[in-house]
Amino acid sequence: MGKIYCVMGKSASGKDSLYRAILQARPSLRTYVMYTTRPRREHEEDGTAYHFTDPERIGAYAAEGRLIESRTYDTVFGPWTYATVDDGQIDLTCGDYLMPGTLESYLHLKRYFGEEALIPIYIEVEDGERLIRAVRREMEEPQPHYAEVCRRFLADAEDFSEEKLLEAGITRRYINNDFDRCLQEILADIKL
């Protein structure tokens, strides 16, 4: 039976870069494309990073019993929902998967697929460094939205609190203050 390696961490912890590097180093890992109601950005293609949809379709998945988990964030642009749907993308009899996620999505996936199927990869970076990274990244946007950076930073403190991490059973942390070393530690723990 396959495993789902769930990469998660606070914003600007480097989880997206590590996710891409893990996939490059372990091409046999399968991926899952999440659903979102947030607007598609100019450089994004539907079905690549996300399946772009609307709240009505997410509701239809829920009514059909196919919604594994969803979470809605009240952003400075309005509510955005992100969802994992049982749409046939995940078949643990066919191999192992790498998925980005949040602590909340990890817990829902663990309930849905079983605790033995989920392996957490929690990325951690000191808060001051994360904030500097987030602001630098936002400065590169055509229209920076610093209020959203602040909202995400504060929400992460609650969403990834020590209490919630312990309740989720997450004890292993990958400290990303040296990208290559962090990547090698993760790769050593991915048993394929």
# chains A, B, ... in the order shown; residues from 1 in each chain; ligands from 1

call {"tool": "residues_around", "arguments": {"residues": "Glu104 of chain A", "least_positions_apart": "4", "cutoff": "12 Å", "atoms": "only C-alpha atoms", "output": "list in words"}}
result
Cys6, Met8, Gly9, Ile68, Glu69, Ser70, Arg71, Thr72, Tyr82, Ala83, Thr84, Pro100, His108, Leu109, Lys110, Arg111, Pro120, Asp156, Glu158, Asp159, Phe160, Ser161, Lys164, Leu165, Glu167 and Ala168 of chain A

call {"tool": "write_last_selection", "arguments": {"atoms": "N, CA and C atoms", "output": "short mmCIF file (atom, residue, chain, number, x, y, z; two decimals), in the first residue's frame"}}
result
data_model
loop_
_atom_site.label_atom_id
_atom_site.label_comp_id
_atom_site.auth_asym_id
_atom_site.auth_seq_id
_atom_site.Cartn_x
_atom_site.Cartn_y
_atom_site.Cartn_z
N CYS A 6 3.02 14.31 3.08
CA CYS A 6 2.34 15.60 3.11
C CYS A 6 3.31 16.69 3.56
N MET A 8 4.16 20.32 4.60
CA MET A 8 3.43 21.45 5.17
C MET A 8 4.37 22.32 5.98
N GLY A 9 3.92 23.53 6.21
CA GLY A 9 4.68 24.47 7.01
C GLY A 9 4.04 25.84 6.90
N ILE A 68 -13.01 15.44 0.49
CA ILE A 68 -12.19 14.91 1.57
C ILE A 68 -11.98 15.98 2.63
N GLU A 69 -11.66 17.17 2.18
CA GLU A 69 -11.47 18.29 3.10
C GLU A 69 -11.51 19.59 2.31
N SER A 70 -11.88 20.65 3.02
CA SER A 70 -11.82 21.98 2.43
C SER A 70 -11.61 22.99 3.54
N ARG A 71 -11.01 24.10 3.18
CA ARG A 71 -10.82 25.17 4.14
C ARG A 71 -10.95 26.48 3.40
N THR A 72 -11.59 27.43 4.05
CA THR A 72 -11.82 28.74 3.44
C THR A 72 -11.08 29.78 4.26
N TYR A 82 -9.88 26.21 -0.56
CA TYR A 82 -8.98 25.19 -1.10
C TYR A 82 -9.55 23.85 -0.69
N ALA A 83 -9.54 22.87 -1.59
CA ALA A 83 -10.20 21.60 -1.29
C ALA A 83 -9.47 20.42 -1.89
N THR A 84 -9.60 19.30 -1.19
CA THR A 84 -9.13 18.01 -1.69
C THR A 84 -10.38 17.18 -1.98
N PRO A 100 1.28 18.87 -1.16
CA PRO A 100 1.42 20.01 -0.26
C PRO A 100 0.15 20.12 0.57
N HIS A 108 -7.32 15.77 8.00
CA HIS A 108 -8.45 15.23 7.24
C HIS A 108 -8.00 14.07 6.34
N LEU A 109 -6.85 14.22 5.71
CA LEU A 109 -6.32 13.15 4.86
C LEU A 109 -6.03 11.91 5.70
N LYS A 110 -5.51 12.11 6.89
CA LYS A 110 -5.19 10.99 7.78
C LYS A 110 -6.47 10.24 8.17
N ARG A 111 -7.54 10.99 8.45
CA ARG A 111 -8.82 10.34 8.78
C ARG A 111 -9.39 9.60 7.56
N PRO A 120 3.91 12.88 7.63
CA PRO A 120 4.06 14.34 7.63
C PRO A 120 5.50 14.77 7.36
N ASP A 156 -0.87 31.78 10.55
CA ASP A 156 0.03 30.62 10.70
C ASP A 156 0.39 30.35 12.15
N GLU A 158 -1.44 30.62 14.69
CA GLU A 158 -2.52 29.85 15.28
C GLU A 158 -2.66 28.48 14.62
N ASP A 159 -2.61 28.46 13.28
CA ASP A 159 -2.83 27.21 12.55
C ASP A 159 -1.76 26.15 12.83
N PHE A 160 -0.52 26.59 13.08
CA PHE A 160 0.59 25.67 13.35
C PHE A 160 1.11 25.85 14.77
N SER A 161 0.22 26.07 15.71
CA SER A 161 0.65 26.24 17.11
C SER A 161 1.29 24.95 17.60
N LYS A 164 -1.29 22.34 18.49
CA LYS A 164 -1.90 21.65 17.35
C LYS A 164 -0.93 20.66 16.71
N LEU A 165 0.34 21.03 16.63
CA LEU A 165 1.33 20.11 16.08
C LEU A 165 1.43 18.85 16.93
N GLU A 167 -0.91 17.66 18.99
CA GLU A 167 -2.17 16.92 18.85
C GLU A 167 -2.20 16.10 17.56
N ALA A 168 -1.58 16.62 16.51
CA ALA A 168 -1.53 15.92 15.22
C ALA A 168 -0.48 14.82 15.19
#

call {"tool": "closest_residue", "arguments": {"among": "A:Ala155, A:Pro39, A:Met1, A:Ser28", "to": "Asp74 of chain A", "atoms": "only C-alpha atoms"}}
result
A:Ala155

call {"tool": "closest_residue", "arguments": {"among": "A:Phe52, A:Tyr174, A:Tyr5, A:Phe113", "to": "Trp80 of chain A", "atoms": "only C-alpha atoms"}}
result
A:Phe52

call {"tool": "atom_distance", "arguments": {"atom1": "atom CA of Glu163 of chain A", "atom2": "atom CA of Gly101 of chain A"}}
result
18.3 Å

call {"tool": "residues_around", "arguments": {"residues": "Asp87 of chain A", "least_positions_apart": "5", "cutoff": "10 Å", "atoms": "only C-alpha atoms", "output": "PyMOL selection string"}}
result
chain A and resi 32+61+66-68

call {"tool": "residues_around", "arguments": {"residues": "Ser13 of chain A", "least_positions_apart": "6", "cutoff": "8 Å", "atoms": "only C-alpha atoms", "output": "number ranges by chain"}}
result
A: 123-125, 130, 176

call {"tool": "closest_residue", "arguments": {"among": "A:Ala147, A:Glu129, A:Arg172, A:Ala188", "to": "Gly14 of chain A", "atoms": "only C-alpha atoms"}}
result
A:Glu129

call {"tool": "closest_residue", "arguments": {"among": "A:Leu118, A:Arg57, A:Gln184, A:Thr75", "to": "Tyr97 of chain A", "atoms": "only C-alpha atoms"}}
result
A:Leu118

call {"tool": "residues_around", "arguments": {"residues": "Arg133 of chain A", "least_positions_apart": "6", "cutoff": "12 Å", "atoms": "only C-alpha atoms", "output": "ChimeraX atom specification"}}
result
/A:10-14,125-127,139-140,149,153,177

call {"tool": "closest_residue", "arguments": {"among": "A:Thr171, A:Ser17, A:Thr31, A:Thr81", "to": "Ile58 of chain A", "atoms": "only C-alpha atoms"}}
result
A:Thr81

call {"tool": "closest_residue", "arguments": {"among": "A:Glu141, A:Leu187, A:Leu154, A:Arg26", "to": "Arg41 of chain A", "atoms": "only C-alpha atoms"}}
result
A:Glu141

call {"tool": "atom_distance", "arguments": {"atom1": "atom CA of Leu18 of chain A", "atom2": "atom CA of Thr53 of chain A"}}
result
26.4 Å

call {"tool": "select_by_dssp", "arguments": {"residues": "segment 129-173 of chain A", "states": "alpha helix (DSSP H)", "output": "mmCIF file with N, CA and C atoms, in the first residue's frame"}}
result
data_model
loop_
_atom_site.group_PDB
_atom_site.id
_atom_site.type_symbol
_atom_site.label_atom_id
_atom_site.label_comp_id
_atom_site.auth_asym_id
_atom_site.auth_seq_id
_atom_site.Cartn_x
_atom_site.Cartn_y
_atom_site.Cartn_z
ATOM 1 N N GLU A 129 12.892 35.231 10.127
ATOM 2 C CA GLU A 129 13.385 34.901 8.780
ATOM 3 C C GLU A 129 12.219 34.673 7.821
ATOM 4 N N ARG A 130 11.172 33.999 8.279
ATOM 5 C CA ARG A 130 9.998 33.779 7.429
ATOM 6 C C ARG A 130 9.362 35.093 7.008
ATOM 7 N N LEU A 131 9.233 36.010 7.949
ATOM 8 C CA LEU A 131 8.613 37.295 7.642
ATOM 9 C C LEU A 131 9.442 38.067 6.622
ATOM 10 N N ILE A 132 10.759 38.053 6.782
ATOM 11 C CA ILE A 132 11.638 38.719 5.813
ATOM 12 C C ILE A 132 11.480 38.080 4.434
ATOM 13 N N ARG A 133 11.458 36.757 4.365
ATOM 14 C CA ARG A 133 11.277 36.054 3.086
ATOM 15 C C ARG A 133 9.944 36.425 2.441
ATOM 16 N N ALA A 134 8.881 36.461 3.263
ATOM 17 C CA ALA A 134 7.552 36.755 2.730
ATOM 18 C C ALA A 134 7.471 38.162 2.168
ATOM 19 N N VAL A 135 8.048 39.115 2.867
ATOM 20 C CA VAL A 135 8.023 40.503 2.386
ATOM 21 C C VAL A 135 8.846 40.638 1.104
ATOM 22 N N ARG A 136 10.024 40.013 1.070
ATOM 23 C CA ARG A 136 10.854 40.067 -0.151
ATOM 24 C C ARG A 136 10.115 39.469 -1.343
ATOM 25 N N ARG A 137 9.462 38.336 -1.113
ATOM 26 C CA ARG A 137 8.716 37.683 -2.201
ATOM 27 C C ARG A 137 7.574 38.577 -2.675
ATOM 28 N N GLU A 138 6.886 39.197 -1.737
ATOM 29 C CA GLU A 138 5.757 40.056 -2.094
ATOM 30 C C GLU A 138 6.217 41.293 -2.856
ATOM 31 N N MET A 139 7.412 41.771 -2.548
ATOM 32 C CA MET A 139 7.958 42.953 -3.239
ATOM 33 C C MET A 139 8.151 42.690 -4.740
ATOM 34 N N TYR A 146 0.777 43.691 1.055
ATOM 35 C CA TYR A 146 1.417 43.437 2.338
ATOM 36 C C TYR A 146 0.419 43.076 3.430
ATOM 37 N N ALA A 147 -0.807 43.563 3.325
ATOM 38 C CA ALA A 147 -1.818 43.204 4.322
ATOM 39 C C ALA A 147 -2.074 41.701 4.301
ATOM 40 N N GLU A 148 -2.063 41.096 3.127
ATOM 41 C CA GLU A 148 -2.268 39.658 3.011
ATOM 42 C C GLU A 148 -1.074 38.899 3.591
ATOM 43 N N VAL A 149 0.132 39.418 3.407
ATOM 44 C CA VAL A 149 1.317 38.806 4.010
ATOM 45 C C VAL A 149 1.154 38.786 5.529
ATOM 46 N N CYS A 150 0.731 39.906 6.085
ATOM 47 C CA CYS A 150 0.538 40.007 7.539
ATOM 48 C C CYS A 150 -0.571 39.074 8.017
ATOM 49 N N ARG A 151 -1.675 38.998 7.275
ATOM 50 C CA ARG A 151 -2.779 38.118 7.652
ATOM 51 C C ARG A 151 -2.314 36.664 7.697
ATOM 52 N N ARG A 152 -1.577 36.240 6.645
ATOM 53 C CA ARG A 152 -1.099 34.856 6.596
ATOM 54 C C ARG A 152 -0.120 34.576 7.734
ATOM 55 N N PHE A 153 0.765 35.522 8.003
ATOM 56 C CA PHE A 153 1.763 35.344 9.052
ATOM 57 C C PHE A 153 1.080 35.137 10.407
ATOM 58 N N LEU A 154 0.106 35.963 10.718
ATOM 59 C CA LEU A 154 -0.600 35.850 11.991
ATOM 60 C C LEU A 154 -1.459 34.582 12.051
ATOM 61 N N ALA A 155 -2.103 34.233 10.945
ATOM 62 C CA ALA A 155 -2.928 33.018 10.908
ATOM 63 C C ALA A 155 -2.071 31.771 11.110
ATOM 64 N N ASP A 156 -0.865 31.776 10.554
ATOM 65 C CA ASP A 156 0.027 30.623 10.699
ATOM 66 C C ASP A 156 0.390 30.354 12.155
ATOM 67 N N ALA A 157 0.537 31.427 12.943
ATOM 68 C CA ALA A 157 0.879 31.250 14.358
ATOM 69 C C ALA A 157 -0.184 30.421 15.066
ATOM 70 N N GLU A 158 -1.436 30.622 14.690
ATOM 71 C CA GLU A 158 -2.524 29.845 15.280
ATOM 72 C C GLU A 158 -2.660 28.476 14.617
ATOM 73 N N ASP A 159 -2.609 28.460 13.280
ATOM 74 C CA ASP A 159 -2.827 27.208 12.548
ATOM 75 C C ASP A 159 -1.759 26.154 12.834
ATOM 76 N N GLU A 162 2.127 25.074 18.607
ATOM 77 C CA GLU A 162 2.774 23.895 19.190
ATOM 78 C C GLU A 162 1.741 22.881 19.673
ATOM 79 N N GLU A 163 0.655 23.375 20.250
ATOM 80 C CA GLU A 163 -0.383 22.477 20.744
ATOM 81 C C GLU A 163 -1.001 21.670 19.599
ATOM 82 N N LYS A 164 -1.287 22.342 18.489
ATOM 83 C CA LYS A 164 -1.902 21.654 17.350
ATOM 84 C C LYS A 164 -0.931 20.665 16.706
ATOM 85 N N LEU A 165 0.340 21.034 16.631
ATOM 86 C CA LEU A 165 1.333 20.110 16.078
ATOM 87 C C LEU A 165 1.427 18.851 16.932
ATOM 88 N N LEU A 166 1.445 19.011 18.247
ATOM 89 C CA LEU A 166 1.513 17.857 19.145
ATOM 90 C C LEU A 166 0.252 17.008 19.050
ATOM 91 N N GLU A 167 -0.912 17.656 18.988
ATOM 92 C CA GLU A 167 -2.173 16.916 18.850
ATOM 93 C C GLU A 167 -2.201 16.103 17.558
#

call {"tool": "decode", "arguments": {"residues": "segment 48-89 of chain A", "atoms": "N, CA and C atoms", "output": "PDB file, in the first residue's frame"}}
result
ATOM      1  N   THR A  48      -2.800  22.483 -13.446  1.00  0.00           N
ATOM      2  CA  THR A  48      -1.377  22.285 -13.178  1.00  0.00           C
ATOM      3  C   THR A  48      -1.101  22.442 -11.688  1.00  0.00           C
ATOM      4  N   ALA A  49      -1.148  23.658 -11.181  1.00  0.00           N
ATOM      5  CA  ALA A  49      -0.967  23.872  -9.741  1.00  0.00           C
ATOM      6  C   ALA A  49      -2.289  23.631  -9.008  1.00  0.00           C
ATOM      7  N   TYR A  50      -3.381  24.049  -9.624  1.00  0.00           N
ATOM      8  CA  TYR A  50      -4.721  23.910  -9.048  1.00  0.00           C
ATOM      9  C   TYR A  50      -5.732  23.648 -10.148  1.00  0.00           C
ATOM     10  N   HIS A  51      -6.864  23.056  -9.722  1.00  0.00           N
ATOM     11  CA  HIS A  51      -8.073  23.054 -10.538  1.00  0.00           C
ATOM     12  C   HIS A  51      -8.859  24.270 -10.048  1.00  0.00           C
ATOM     13  N   PHE A  52      -9.053  25.244 -10.915  1.00  0.00           N
ATOM     14  CA  PHE A  52      -9.775  26.457 -10.529  1.00  0.00           C
ATOM     15  C   PHE A  52     -11.270  26.208 -10.722  1.00  0.00           C
ATOM     16  N   THR A  53     -12.030  26.489  -9.673  1.00  0.00           N
ATOM     17  CA  THR A  53     -13.448  26.184  -9.688  1.00  0.00           C
ATOM     18  C   THR A  53     -14.209  27.275  -8.942  1.00  0.00           C
ATOM     19  N   ASP A  54     -15.451  26.998  -8.609  1.00  0.00           N
ATOM     20  CA  ASP A  54     -16.253  27.992  -7.894  1.00  0.00           C
ATOM     21  C   ASP A  54     -16.876  27.336  -6.657  1.00  0.00           C
ATOM     22  N   PRO A  55     -17.408  28.149  -5.743  1.00  0.00           N
ATOM     23  CA  PRO A  55     -17.988  27.591  -4.509  1.00  0.00           C
ATOM     24  C   PRO A  55     -19.116  26.595  -4.771  1.00  0.00           C
ATOM     25  N   GLU A  56     -19.882  26.801  -5.830  1.00  0.00           N
ATOM     26  CA  GLU A  56     -20.983  25.892  -6.139  1.00  0.00           C
ATOM     27  C   GLU A  56     -20.469  24.481  -6.458  1.00  0.00           C
ATOM     28  N   ARG A  57     -19.375  24.402  -7.191  1.00  0.00           N
ATOM     29  CA  ARG A  57     -18.820  23.089  -7.535  1.00  0.00           C
ATOM     30  C   ARG A  57     -18.258  22.396  -6.296  1.00  0.00           C
ATOM     31  N   ILE A  58     -17.618  23.162  -5.414  1.00  0.00           N
ATOM     32  CA  ILE A  58     -17.121  22.584  -4.161  1.00  0.00           C
ATOM     33  C   ILE A  58     -18.309  22.034  -3.365  1.00  0.00           C
ATOM     34  N   GLY A  59     -19.399  22.796  -3.337  1.00  0.00           N
ATOM     35  CA  GLY A  59     -20.616  22.340  -2.660  1.00  0.00           C
ATOM     36  C   GLY A  59     -21.167  21.062  -3.279  1.00  0.00           C
ATOM     37  N   ALA A  60     -21.090  20.970  -4.603  1.00  0.00           N
ATOM     38  CA  ALA A  60     -21.569  19.763  -5.295  1.00  0.00           C
ATOM     39  C   ALA A  60     -20.717  18.550  -4.919  1.00  0.00           C
ATOM     40  N   TYR A  61     -19.394  18.733  -4.830  1.00  0.00           N
ATOM     41  CA  TYR A  61     -18.519  17.630  -4.399  1.00  0.00           C
ATOM     42  C   TYR A  61     -18.899  17.175  -2.994  1.00  0.00           C
ATOM     43  N   ALA A  62     -19.196  18.133  -2.117  1.00  0.00           N
ATOM     44  CA  ALA A  62     -19.601  17.785  -0.750  1.00  0.00           C
ATOM     45  C   ALA A  62     -20.901  16.990  -0.767  1.00  0.00           C
ATOM     46  N   ALA A  63     -21.874  17.441  -1.558  1.00  0.00           N
ATOM     47  CA  ALA A  63     -23.163  16.753  -1.649  1.00  0.00           C
ATOM     48  C   ALA A  63     -23.006  15.341  -2.201  1.00  0.00           C
ATOM     49  N   GLU A  64     -22.030  15.151  -3.082  1.00  0.00           N
ATOM     50  CA  GLU A  64     -21.766  13.837  -3.670  1.00  0.00           C
ATOM     51  C   GLU A  64     -20.962  12.935  -2.734  1.00  0.00           C
ATOM     52  N   GLY A  65     -20.497  13.471  -1.590  1.00  0.00           N
ATOM     53  CA  GLY A  65     -19.685  12.697  -0.660  1.00  0.00           C
ATOM     54  C   GLY A  65     -18.253  12.525  -1.117  1.00  0.00           C
ATOM     55  N   ARG A  66     -17.800  13.377  -2.013  1.00  0.00           N
ATOM     56  CA  ARG A  66     -16.455  13.259  -2.582  1.00  0.00           C
ATOM     57  C   ARG A  66     -15.474  14.284  -2.024  1.00  0.00           C
ATOM     58  N   LEU A  67     -15.932  15.157  -1.140  1.00  0.00           N
ATOM     59  CA  LEU A  67     -15.077  16.193  -0.575  1.00  0.00           C
ATOM     60  C   LEU A  67     -14.328  15.605   0.626  1.00  0.00           C
ATOM     61  N   ILE A  68     -13.008  15.442   0.485  1.00  0.00           N
ATOM     62  CA  ILE A  68     -12.190  14.907   1.573  1.00  0.00           C
ATOM     63  C   ILE A  68     -11.976  15.981   2.629  1.00  0.00           C
ATOM     64  N   GLU A  69     -11.664  17.175   2.182  1.00  0.00           N
ATOM     65  CA  GLU A  69     -11.471  18.294   3.099  1.00  0.00           C
ATOM     66  C   GLU A  69     -11.514  19.585   2.308  1.00  0.00           C
ATOM     67  N   SER A  70     -11.881  20.654   3.022  1.00  0.00           N
ATOM     68  CA  SER A  70     -11.818  21.984   2.427  1.00  0.00           C
ATOM     69  C   SER A  70     -11.608  22.988   3.539  1.00  0.00           C
ATOM     70  N   ARG A  71     -11.014  24.098   3.183  1.00  0.00           N
ATOM     71  CA  ARG A  71     -10.824  25.173   4.143  1.00  0.00           C
ATOM     72  C   ARG A  71     -10.950  26.483   3.405  1.00  0.00           C
ATOM     73  N   THR A  72     -11.589  27.431   4.047  1.00  0.00           N
ATOM     74  CA  THR A  72     -11.824  28.738   3.443  1.00  0.00           C
ATOM     75  C   THR A  72     -11.083  29.779   4.257  1.00  0.00           C
ATOM     76  N   TYR A  73     -10.357  30.621   3.541  1.00  0.00           N
ATOM     77  CA  TYR A  73      -9.605  31.699   4.178  1.00  0.00           C
ATOM     78  C   TYR A  73     -10.256  33.021   3.816  1.00  0.00           C
ATOM     79  N   ASP A  74     -10.438  33.858   4.814  1.00  0.00           N
ATOM     80  CA  ASP A  74     -10.949  35.210   4.575  1.00  0.00           C
ATOM     81  C   ASP A  74      -9.760  36.099   4.263  1.00  0.00           C
ATOM     82  N   THR A  75      -9.430  36.188   2.982  1.00  0.00           N
ATOM     83  CA  THR A  75      -8.275  36.971   2.556  1.00  0.00           C
ATOM     84  C   THR A  75      -8.673  38.428   2.390  1.00  0.00           C
ATOM     85  N   VAL A  76      -7.699  39.268   2.128  1.00  0.00           N
ATOM     86  CA  VAL A  76      -8.007  40.679   1.874  1.00  0.00           C
ATOM     87  C   VAL A  76      -8.753  40.835   0.557  1.00  0.00           C
ATOM     88  N   PHE A  77      -8.813  39.777  -0.252  1.00  0.00           N
ATOM     89  CA  PHE A  77      -9.526  39.797  -1.532  1.00  0.00           C
ATOM     90  C   PHE A  77     -10.906  39.155  -1.437  1.00  0.00           C
ATOM     91  N   GLY A  78     -11.249  38.672  -0.258  1.00  0.00           N
ATOM     92  CA  GLY A  78     -12.496  37.952  -0.073  1.00  0.00           C
ATOM     93  C   GLY A  78     -12.209  36.494   0.247  1.00  0.00           C
ATOM     94  N   PRO A  79     -13.249  35.670   0.428  1.00  0.00           N
ATOM     95  CA  PRO A  79     -13.027  34.271   0.806  1.00  0.00           C
ATOM     96  C   PRO A  79     -12.480  33.421  -0.345  1.00  0.00           C
ATOM     97  N   TRP A  80     -11.459  32.623  -0.038  1.00  0.00           N
ATOM     98  CA  TRP A  80     -10.887  31.664  -0.985  1.00  0.00           C
ATOM     99  C   TRP A  80     -10.945  30.293  -0.334  1.00  0.00           C
ATOM    100  N   THR A  81     -11.451  29.323  -1.081  1.00  0.00           N
ATOM    101  CA  THR A  81     -11.528  27.955  -0.584  1.00  0.00           C
ATOM    102  C   THR A  81     -10.518  27.087  -1.313  1.00  0.00           C
ATOM    103  N   TYR A  82      -9.884  26.206  -0.558  1.00  0.00           N
ATOM    104  CA  TYR A  82      -8.977  25.192  -1.097  1.00  0.00           C
ATOM    105  C   TYR A  82      -9.548  23.849  -0.688  1.00  0.00           C
ATOM    106  N   ALA A  83      -9.543  22.869  -1.586  1.00  0.00           N
ATOM    107  CA  ALA A  83     -10.204  21.598  -1.285  1.00  0.00           C
ATOM    108  C   ALA A  83      -9.470  20.417  -1.889  1.00  0.00           C
ATOM    109  N   THR A  84      -9.604  19.295  -1.195  1.00  0.00           N
ATOM    110  CA  THR A  84      -9.132  18.013  -1.691  1.00  0.00           C
ATOM    111  C   THR A  84     -10.376  17.183  -1.985  1.00  0.00           C
ATOM    112  N   VAL A  85     -10.470  16.701  -3.200  1.00  0.00           N
ATOM    113  CA  VAL A  85     -11.651  15.977  -3.667  1.00  0.00           C
ATOM    114  C   VAL A  85     -11.241  14.564  -4.066  1.00  0.00           C
ATOM    115  N   ASP A  86     -12.074  13.597  -3.724  1.00  0.00           N
ATOM    116  CA  ASP A  86     -11.852  12.223  -4.158  1.00  0.00           C
ATOM    117  C   ASP A  86     -12.334  12.127  -5.601  1.00  0.00           C
ATOM    118  N   ASP A  87     -11.421  12.442  -6.510  1.00  0.00           N
ATOM    119  CA  ASP A  87     -11.751  12.489  -7.937  1.00  0.00           C
ATOM    120  C   ASP A  87     -10.971  11.452  -8.741  1.00  0.00           C
ATOM    121  N   GLY A  88     -10.383  10.482  -8.052  1.00  0.00           N
ATOM    122  CA  GLY A  88      -9.636   9.432  -8.737  1.00  0.00           C
ATOM    123  C   GLY A  88      -8.153   9.706  -8.880  1.00  0.00           C
ATOM    124  N   GLN A  89      -7.697  10.868  -8.473  1.00  0.00           N
ATOM    125  CA  GLN A  89      -6.271  11.183  -8.593  1.00  0.00           C
ATOM    126  C   GLN A  89      -5.412  10.349  -7.648  1.00  0.00           C
TER     127      GLN A  89
END
